[in-house]
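Visitor: The structure's right below; bear with me while I get my questions together.
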Number of protein chains: 2
Amino acid sequence: MASAGLENGPGPSHSRRGNATGMKCTRCRLPAEVQLRQHNAAFCRECFILHFRRQVERAIRKQRMFAADEEVLVAVSGGKDSLGLWDVLHELGYRTTGLHLSLGIGEYSEHSARKTAEFAEKQGLPLITLDLSRQETDVSVPRVVAFTRRPPCSACGILKRHYFDQVAVERGFSVLATGHNLDDEAARLLGNVLHWRADYLARQRPVLESTHEKFVRKVKPLFRCSEYESAVYAFFRGFDYVVEECPNSTGATQLLYKDLLNRLEVVSPGSKLAFVREFLHHGHAGFITAPVPPPTACESCGMPAYGELCSFCRLIREVETRRKRRNQAGS
Amino acid sequence: MASAGLENGPGPSHSRRGNATGMKCTRCRLPAEVQLRQHNAAFCRECFILHFRRQVERAIRKQRMFAADEEVLVAVSGGKDSLGLWDVLHELGYRTTGLHLSLGIGEYSEHSARKTAEFAEKQGLPLITLDLSRQETDVSVPRVVAFTRRPPCSACGILKRHYFDQVAVERGFSVLATGHNLDDEAARLLGNVLHWRADYLARQRPVLESTHEKFVRKVKPLFRCSEYESAVYAFFRGFDYVVEECPNSTGATQLLYKDLLNRLEVVSPGSKLAFVREFLHHGHAGFITAPVPPPTACESCGMPAYGELCSFCRLIREVETRRKRRNQAGS
């Protein structure tokens, strides 16, 4: 059910829905349905939708994410953020195609693929689906994890990056949009800052320009929208999205960072947005060092690589080597 | 009572005292009395004292805070950190003199002055005491606050900086040491990072070199020692220190930052130290911009200033102007 996400409390307690306090919409003065303390505003349903889309539009324009006539490949998992992003881009008049990777994580992946396909059909939007278990090598996440003993999120990240770029390049897209929201970006920023990972901080931008003809430009148009706003948008729009988290996402540290930032947000609304925004304005410049040399072509697959093989092909080799070894041991 | 600080729980729950678990001292294998997860160590009383002093010694040496023969002026409030710092410096063989500012904050200040004086006498250490209410203008904190409506911590900071420098210069000290501990530094760093205050980050070092003949070098030898370690040191050494916080230190934000960092420390021991240490190694360099022009002399008092008047004299003028205005209104 679409409402489950909201009832489960997707955001910090400082943002409220309902109109118990008789608040009025900041924009049209009709009764407000949602209060956004970080924006010092309250909105009725219609004006909230407008506000949300404007936030996205402003991010695209200010960060020069893509041009009005550029066709955008949207990475869609079936969750509220990616479906919301796809919807907003479509409603703003951009030409979009969805890309869904079926990761092979049991029921969770089946459920995600179904919700994504239903959404695309209902909205009449083109969708590309890629099943990782049906590639030349079966690279579904559980299989890769079983053969390599890598943490699932690490393997999944490598696979996603590879296929996002591969599909974009093959189909002629110049830009890929992902549904990372403000909470994701703030938590990742906090993690990078707590360890002062200068190289990661240098690359933490809502736009990652292409540095190779087979690296597509990556953009995060929701980086100014909190997880709560994203959930409210999905609810108001009546999306039927995947509510449950990926069963692999233990991600205790990331959740802790989100929790810390939510506590801060309660005391000081707007902290998260200021943290990310001021980083882009004032913090980021200090981490730009000598430009990283552009990648070369992977000797195996021709995709960009920072050594002989790209990280995807290294992963595949690991899977193949261990599989053969196990087969030999078993025979 | 000296033990009150420990029983009140000065540190996060991840550090434990007592020997219920039968831990042994990492150094001498006798039963341990304190566990320090951030150092992956446990210590008996004697070895903890050694560990604490070594941490301070290493900070002084690595950061080149002062030379072995340099006489150090130690700012002493009467709390565990500053008394501990004074004691360690003395025990390490440095020549030290204490400087206590009596801020005029009612019973709290009287209590602090008494504890400081008792400590100095017991240890046979020279102490300079300055009563802010007995200066040319009465600049006790409550009076300054009453006349200027500044936040007390802001006024207090200006007063402290002024008199620390003035006393150091008049008495011929080249270095002033303060008792800021790791938790203070980590919380301040987090606050500066969350707002990306580049100019503050540029100056956040355990050593602030003198940029003017009347600005004395400021050092923080306890910056590697957690608040918990500092409290344990005070307890093991049997100090009779001021346990209560300054009544003005509402400092909700600073306390929140400390709380957030303590939560992180529970999950990932050593986070605080890594945050501060990696900032010094990797983060700080990015915030150094064009060198700030050196200060000129204040037209009123001759102390360093970044305008016609130093911030202390601006504060005094504010007090005087408002006092006269009130007297006129009253007459």
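FYI, nothing fancy with the structure tokens labels: chains A, B, ... in order, residues from 1 per chain, ligands from 1 as they appear.
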Could you name the residues that touch Asn327 (chain B) at 12 Å or less, counting only C-alpha atoms, but leaving out those on the same chain fewer than 6 positions away, as a list in words?

Guide: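 So the residues in contact are Phe147, Glu320 and Thr321 of chain B.
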
Visitor: Residues of chain A within 9 Å of chain B, counting only C-alpha atoms, what are they? List them as a PDB file with N, CA, C and O atoms, in the first residue's frame.

Guide:
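The resulting file, selection-v3.pdb, is reproduced below:
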```
ATOM      1  N   LEU A 190      28.465  13.129   5.763  1.00  0.00           N
ATOM      2  CA  LEU A 190      28.905  13.024   7.160  1.00  0.00           C
ATOM      3  C   LEU A 190      29.926  11.893   7.313  1.00  0.00           C
ATOM      4  O   LEU A 190      30.964  12.068   7.960  1.00  0.00           O
ATOM      5  N   VAL A 193      33.188  12.968   5.892  1.00  0.00           N
ATOM      6  CA  VAL A 193      33.821  14.010   6.700  1.00  0.00           C
ATOM      7  C   VAL A 193      34.383  13.421   7.987  1.00  0.00           C
ATOM      8  O   VAL A 193      35.471  13.793   8.414  1.00  0.00           O
ATOM      9  N   LEU A 194      33.642  12.492   8.598  1.00  0.00           N
ATOM     10  CA  LEU A 194      34.116  11.912   9.859  1.00  0.00           C
ATOM     11  C   LEU A 194      35.430  11.166   9.659  1.00  0.00           C
ATOM     12  O   LEU A 194      36.208  11.018  10.589  1.00  0.00           O
ATOM     13  N   HIS A 195      35.681  10.701   8.433  1.00  0.00           N
ATOM     14  CA  HIS A 195      36.950  10.029   8.140  1.00  0.00           C
ATOM     15  C   HIS A 195      37.853  10.896   7.275  1.00  0.00           C
ATOM     16  O   HIS A 195      38.922  10.456   6.881  1.00  0.00           O
ATOM     17  N   TRP A 196      37.392  12.103   6.948  1.00  0.00           N
ATOM     18  CA  TRP A 196      38.149  13.014   6.086  1.00  0.00           C
ATOM     19  C   TRP A 196      38.707  12.287   4.867  1.00  0.00           C
ATOM     20  O   TRP A 196      39.907  12.300   4.607  1.00  0.00           O
ATOM     21  N   ARG A 197      37.766  11.612   4.140  1.00  0.00           N
ATOM     22  CA  ARG A 197      38.161  10.930   2.905  1.00  0.00           C
ATOM     23  C   ARG A 197      38.202  11.974   1.785  1.00  0.00           C
ATOM     24  O   ARG A 197      37.194  12.241   1.124  1.00  0.00           O
ATOM     25  N   ALA A 198      39.371  12.551   1.626  1.00  0.00           N
ATOM     26  CA  ALA A 198      39.497  13.704   0.723  1.00  0.00           C
ATOM     27  C   ALA A 198      39.112  13.357  -0.714  1.00  0.00           C
ATOM     28  O   ALA A 198      38.463  14.153  -1.398  1.00  0.00           O
ATOM     29  N   THR A 253      25.996   1.708   9.776  1.00  0.00           N
ATOM     30  CA  THR A 253      26.680   2.992   9.907  1.00  0.00           C
ATOM     31  C   THR A 253      25.898   4.087   9.182  1.00  0.00           C
ATOM     32  O   THR A 253      25.693   5.168   9.714  1.00  0.00           O
ATOM     33  N   LEU A 256      22.991   4.991  11.148  1.00  0.00           N
ATOM     34  CA  LEU A 256      23.384   5.786  12.313  1.00  0.00           C
ATOM     35  C   LEU A 256      23.604   7.238  11.895  1.00  0.00           C
ATOM     36  O   LEU A 256      23.142   8.173  12.560  1.00  0.00           O
ATOM     37  N   TYR A 257      24.292   7.450  10.788  1.00  0.00           N
ATOM     38  CA  TYR A 257      24.525   8.817  10.315  1.00  0.00           C
ATOM     39  C   TYR A 257      23.189   9.525  10.044  1.00  0.00           C
ATOM     40  O   TYR A 257      23.003  10.686  10.397  1.00  0.00           O
ATOM     41  N   LEU A 260      21.670  10.430  13.375  1.00  0.00           N
ATOM     42  CA  LEU A 260      22.344  11.585  13.986  1.00  0.00           C
ATOM     43  C   LEU A 260      21.864  12.868  13.313  1.00  0.00           C
ATOM     44  O   LEU A 260      21.547  13.860  13.976  1.00  0.00           O
ATOM     45  N   LEU A 261      21.794  12.853  11.998  1.00  0.00           N
ATOM     46  CA  LEU A 261      21.384  14.052  11.267  1.00  0.00           C
ATOM     47  C   LEU A 261      19.910  14.376  11.536  1.00  0.00           C
ATOM     48  O   LEU A 261      19.537  15.555  11.604  1.00  0.00           O
ATOM     49  N   ARG A 263      18.367  13.804  14.370  1.00  0.00           N
ATOM     50  CA  ARG A 263      18.330  14.411  15.711  1.00  0.00           C
ATOM     51  C   ARG A 263      18.697  15.882  15.648  1.00  0.00           C
ATOM     52  O   ARG A 263      18.130  16.739  16.321  1.00  0.00           O
ATOM     53  N   LEU A 264      19.696  16.155  14.839  1.00  0.00           N
ATOM     54  CA  LEU A 264      20.146  17.535  14.667  1.00  0.00           C
ATOM     55  C   LEU A 264      19.052  18.368  14.006  1.00  0.00           C
ATOM     56  O   LEU A 264      18.796  19.516  14.383  1.00  0.00           O
ATOM     57  N   VAL A 267      16.330  19.647  16.372  1.00  0.00           N
ATOM     58  CA  VAL A 267      16.737  20.802  17.172  1.00  0.00           C
ATOM     59  C   VAL A 267      16.912  22.021  16.267  1.00  0.00           C
ATOM     60  O   VAL A 267      16.578  23.145  16.635  1.00  0.00           O
ATOM     61  N   SER A 268      17.409  21.799  15.083  1.00  0.00           N
ATOM     62  CA  SER A 268      17.752  22.912  14.220  1.00  0.00           C
ATOM     63  C   SER A 268      17.302  22.597  12.777  1.00  0.00           C
ATOM     64  O   SER A 268      18.088  22.117  11.963  1.00  0.00           O
ATOM     65  N   SER A 271      19.170  21.917   9.040  1.00  0.00           N
ATOM     66  CA  SER A 271      20.586  21.565   9.202  1.00  0.00           C
ATOM     67  C   SER A 271      21.102  20.701   8.066  1.00  0.00           C
ATOM     68  O   SER A 271      22.203  20.910   7.564  1.00  0.00           O
ATOM     69  N   LYS A 272      20.313  19.707   7.684  1.00  0.00           N
ATOM     70  CA  LYS A 272      20.754  18.775   6.644  1.00  0.00           C
ATOM     71  C   LYS A 272      20.979  19.492   5.329  1.00  0.00           C
ATOM     72  O   LYS A 272      22.012  19.310   4.678  1.00  0.00           O
ATOM     73  N   ALA A 274      21.452  22.675   4.849  1.00  0.00           N
ATOM     74  CA  ALA A 274      22.568  23.623   4.968  1.00  0.00           C
ATOM     75  C   ALA A 274      23.908  22.883   4.887  1.00  0.00           C
ATOM     76  O   ALA A 274      24.852  23.358   4.250  1.00  0.00           O
ATOM     77  N   PHE A 275      23.973  21.729   5.523  1.00  0.00           N
ATOM     78  CA  PHE A 275      25.215  20.928   5.537  1.00  0.00           C
ATOM     79  C   PHE A 275      25.634  20.586   4.101  1.00  0.00           C
ATOM     80  O   PHE A 275      26.787  20.796   3.709  1.00  0.00           O
ATOM     81  N   VAL A 276      24.688  20.089   3.321  1.00  0.00           N
ATOM     82  CA  VAL A 276      24.993  19.692   1.942  1.00  0.00           C
ATOM     83  C   VAL A 276      25.215  20.928   1.062  1.00  0.00           C
ATOM     84  O   VAL A 276      26.168  20.985   0.277  1.00  0.00           O
ATOM     85  N   GLU A 278      26.073  24.091   1.910  1.00  0.00           N
ATOM     86  CA  GLU A 278      27.287  24.852   2.224  1.00  0.00           C
ATOM     87  C   GLU A 278      28.541  24.073   1.837  1.00  0.00           C
ATOM     88  O   GLU A 278      29.565  24.663   1.520  1.00  0.00           O
ATOM     89  N   PHE A 279      28.438  22.753   1.873  1.00  0.00           N
ATOM     90  CA  PHE A 279      29.564  21.953   1.387  1.00  0.00           C
ATOM     91  C   PHE A 279      29.815  22.269  -0.084  1.00  0.00           C
ATOM     92  O   PHE A 279      30.958  22.497  -0.495  1.00  0.00           O
ATOM     93  N   HIS A 281      28.980  24.935  -1.695  1.00  0.00           N
ATOM     94  CA  HIS A 281      29.419  26.328  -1.864  1.00  0.00           C
ATOM     95  C   HIS A 281      30.824  26.580  -1.334  1.00  0.00           C
ATOM     96  O   HIS A 281      31.612  27.268  -1.947  1.00  0.00           O
ATOM     97  N   HIS A 282      31.101  26.081  -0.119  1.00  0.00           N
ATOM     98  CA  HIS A 282      32.333  26.486   0.562  1.00  0.00           C
ATOM     99  C   HIS A 282      33.298  25.345   0.841  1.00  0.00           C
ATOM    100  O   HIS A 282      34.498  25.552   0.931  1.00  0.00           O
ATOM    101  N   GLY A 283      32.751  24.137   1.086  1.00  0.00           N
ATOM    102  CA  GLY A 283      33.604  23.059   1.547  1.00  0.00           C
ATOM    103  C   GLY A 283      34.317  22.334   0.416  1.00  0.00           C
ATOM    104  O   GLY A 283      35.515  22.053   0.496  1.00  0.00           O
ATOM    105  N   HIS A 284      33.571  22.075  -0.636  1.00  0.00           N
ATOM    106  CA  HIS A 284      34.052  21.179  -1.681  1.00  0.00           C
ATOM    107  C   HIS A 284      35.355  21.628  -2.328  1.00  0.00           C
ATOM    108  O   HIS A 284      36.250  20.808  -2.583  1.00  0.00           O
ATOM    109  N   ALA A 285      35.480  22.922  -2.566  1.00  0.00           N
ATOM    110  CA  ALA A 285      36.633  23.458  -3.308  1.00  0.00           C
ATOM    111  C   ALA A 285      37.957  23.019  -2.678  1.00  0.00           C
ATOM    112  O   ALA A 285      38.929  22.764  -3.383  1.00  0.00           O
ATOM    113  N   GLY A 286      37.976  22.924  -1.341  1.00  0.00           N
ATOM    114  CA  GLY A 286      39.210  22.586  -0.646  1.00  0.00           C
ATOM    115  C   GLY A 286      39.689  21.166  -0.908  1.00  0.00           C
ATOM    116  O   GLY A 286      40.826  20.827  -0.593  1.00  0.00           O
ATOM    117  N   PHE A 287      38.824  20.317  -1.464  1.00  0.00           N
ATOM    118  CA  PHE A 287      39.205  18.913  -1.657  1.00  0.00           C
ATOM    119  C   PHE A 287      39.600  18.596  -3.084  1.00  0.00           C
ATOM    120  O   PHE A 287      39.957  17.472  -3.400  1.00  0.00           O
ATOM    121  N   ILE A 288      39.480  19.589  -3.954  1.00  0.00           N
ATOM    122  CA  ILE A 288      39.867  19.356  -5.338  1.00  0.00           C
ATOM    123  C   ILE A 288      41.378  19.444  -5.405  1.00  0.00           C
ATOM    124  O   ILE A 288      41.970  20.480  -5.115  1.00  0.00           O
TER     125      ILE A 288
END
```

Visitor: List the neighbours of Phe66 (chain B) out to 12 Å using only C-alpha atoms; skip same-chain residues closer than 5 positions along the sequence, and give me the result as a PyMOL selection string.

Guide: chain B and resi 57-61+71-73+89+94-96+173-177+206-209+216-221

Visitor: Could you please take those selected residues and save C-alpha atoms as a CSV table (one decimal), in the first residue's frame?

Guide:
```csv
chain,number,residue,atom,x,y,z
B,57,GLU,CA,53.6,14.6,26.0
B,58,ARG,CA,53.1,13.2,22.5
B,59,ALA,CA,50.7,16.0,21.6
B,60,ILE,CA,53.2,18.6,22.8
B,61,ARG,CA,56.1,17.1,20.9
B,71,GLU,CA,57.7,28.6,30.8
B,72,VAL,CA,54.0,27.9,30.2
B,73,LEU,CA,51.1,29.9,31.4
B,89,LEU,CA,52.7,19.6,32.7
B,94,TYR,CA,57.7,21.8,32.6
B,95,ARG,CA,57.8,25.1,34.4
B,96,THR,CA,54.2,26.3,34.8
B,173,PHE,CA,55.1,34.3,28.8
B,174,SER,CA,55.4,33.2,25.2
B,175,VAL,CA,52.8,30.4,25.4
B,176,LEU,CA,49.4,29.8,27.0
B,177,ALA,CA,47.9,26.3,27.4
B,206,PRO,CA,45.9,22.5,18.6
B,207,VAL,CA,48.5,25.2,18.2
B,208,LEU,CA,47.7,28.8,17.2
B,209,GLU,CA,51.0,30.5,16.5
B,216,VAL,CA,50.6,34.8,22.7
B,217,ARG,CA,50.9,31.3,21.2
B,218,LYS,CA,47.9,29.2,22.3
B,219,VAL,CA,48.1,25.5,22.7
B,220,LYS,CA,45.8,22.6,23.7
B,221,PRO,CA,47.9,19.7,25.0
```

Visitor: Using only C-alpha atoms, can you tell me which of B:Glu46, B:Asp131, B:Glu33, B:Asp184 comes closest to Asp81 (chain B)?

Guide: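 Once distances to Asp81 (chain B) are computed over only C-alpha atoms, the minimum belongs to B:Asp184.
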
Visitor: Write out as a list of chain:residue names the residues lying within 9 Å of Arg29 (chain B), counting only C-alpha atoms and excluding same-chain residues fewer than 4 positions away.

Guide: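 After dropping sequence-adjacent residues, the list is B:Met23, B:Lys24, B:Cys25, B:Phe43, B:Cys44.
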
Visitor: Write the residues of the selection above to a file with C-alpha atoms, as a PDB file, in the first residue's frame.

Guide:
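Wrote out-v9.pdb, looks like this:
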```pdb
ATOM      1  CA  MET B  23      40.456  -7.593  32.320  1.00  0.00           C
ATOM      2  CA  LYS B  24      44.177  -7.213  32.641  1.00  0.00           C
ATOM      3  CA  CYS B  25      46.241  -4.087  32.200  1.00  0.00           C
ATOM      4  CA  PHE B  43      44.933  -0.074  32.284  1.00  0.00           C
ATOM      5  CA  CYS B  44      45.575  -0.377  35.969  1.00  0.00           C
TER       6      CYS B  44
END
```
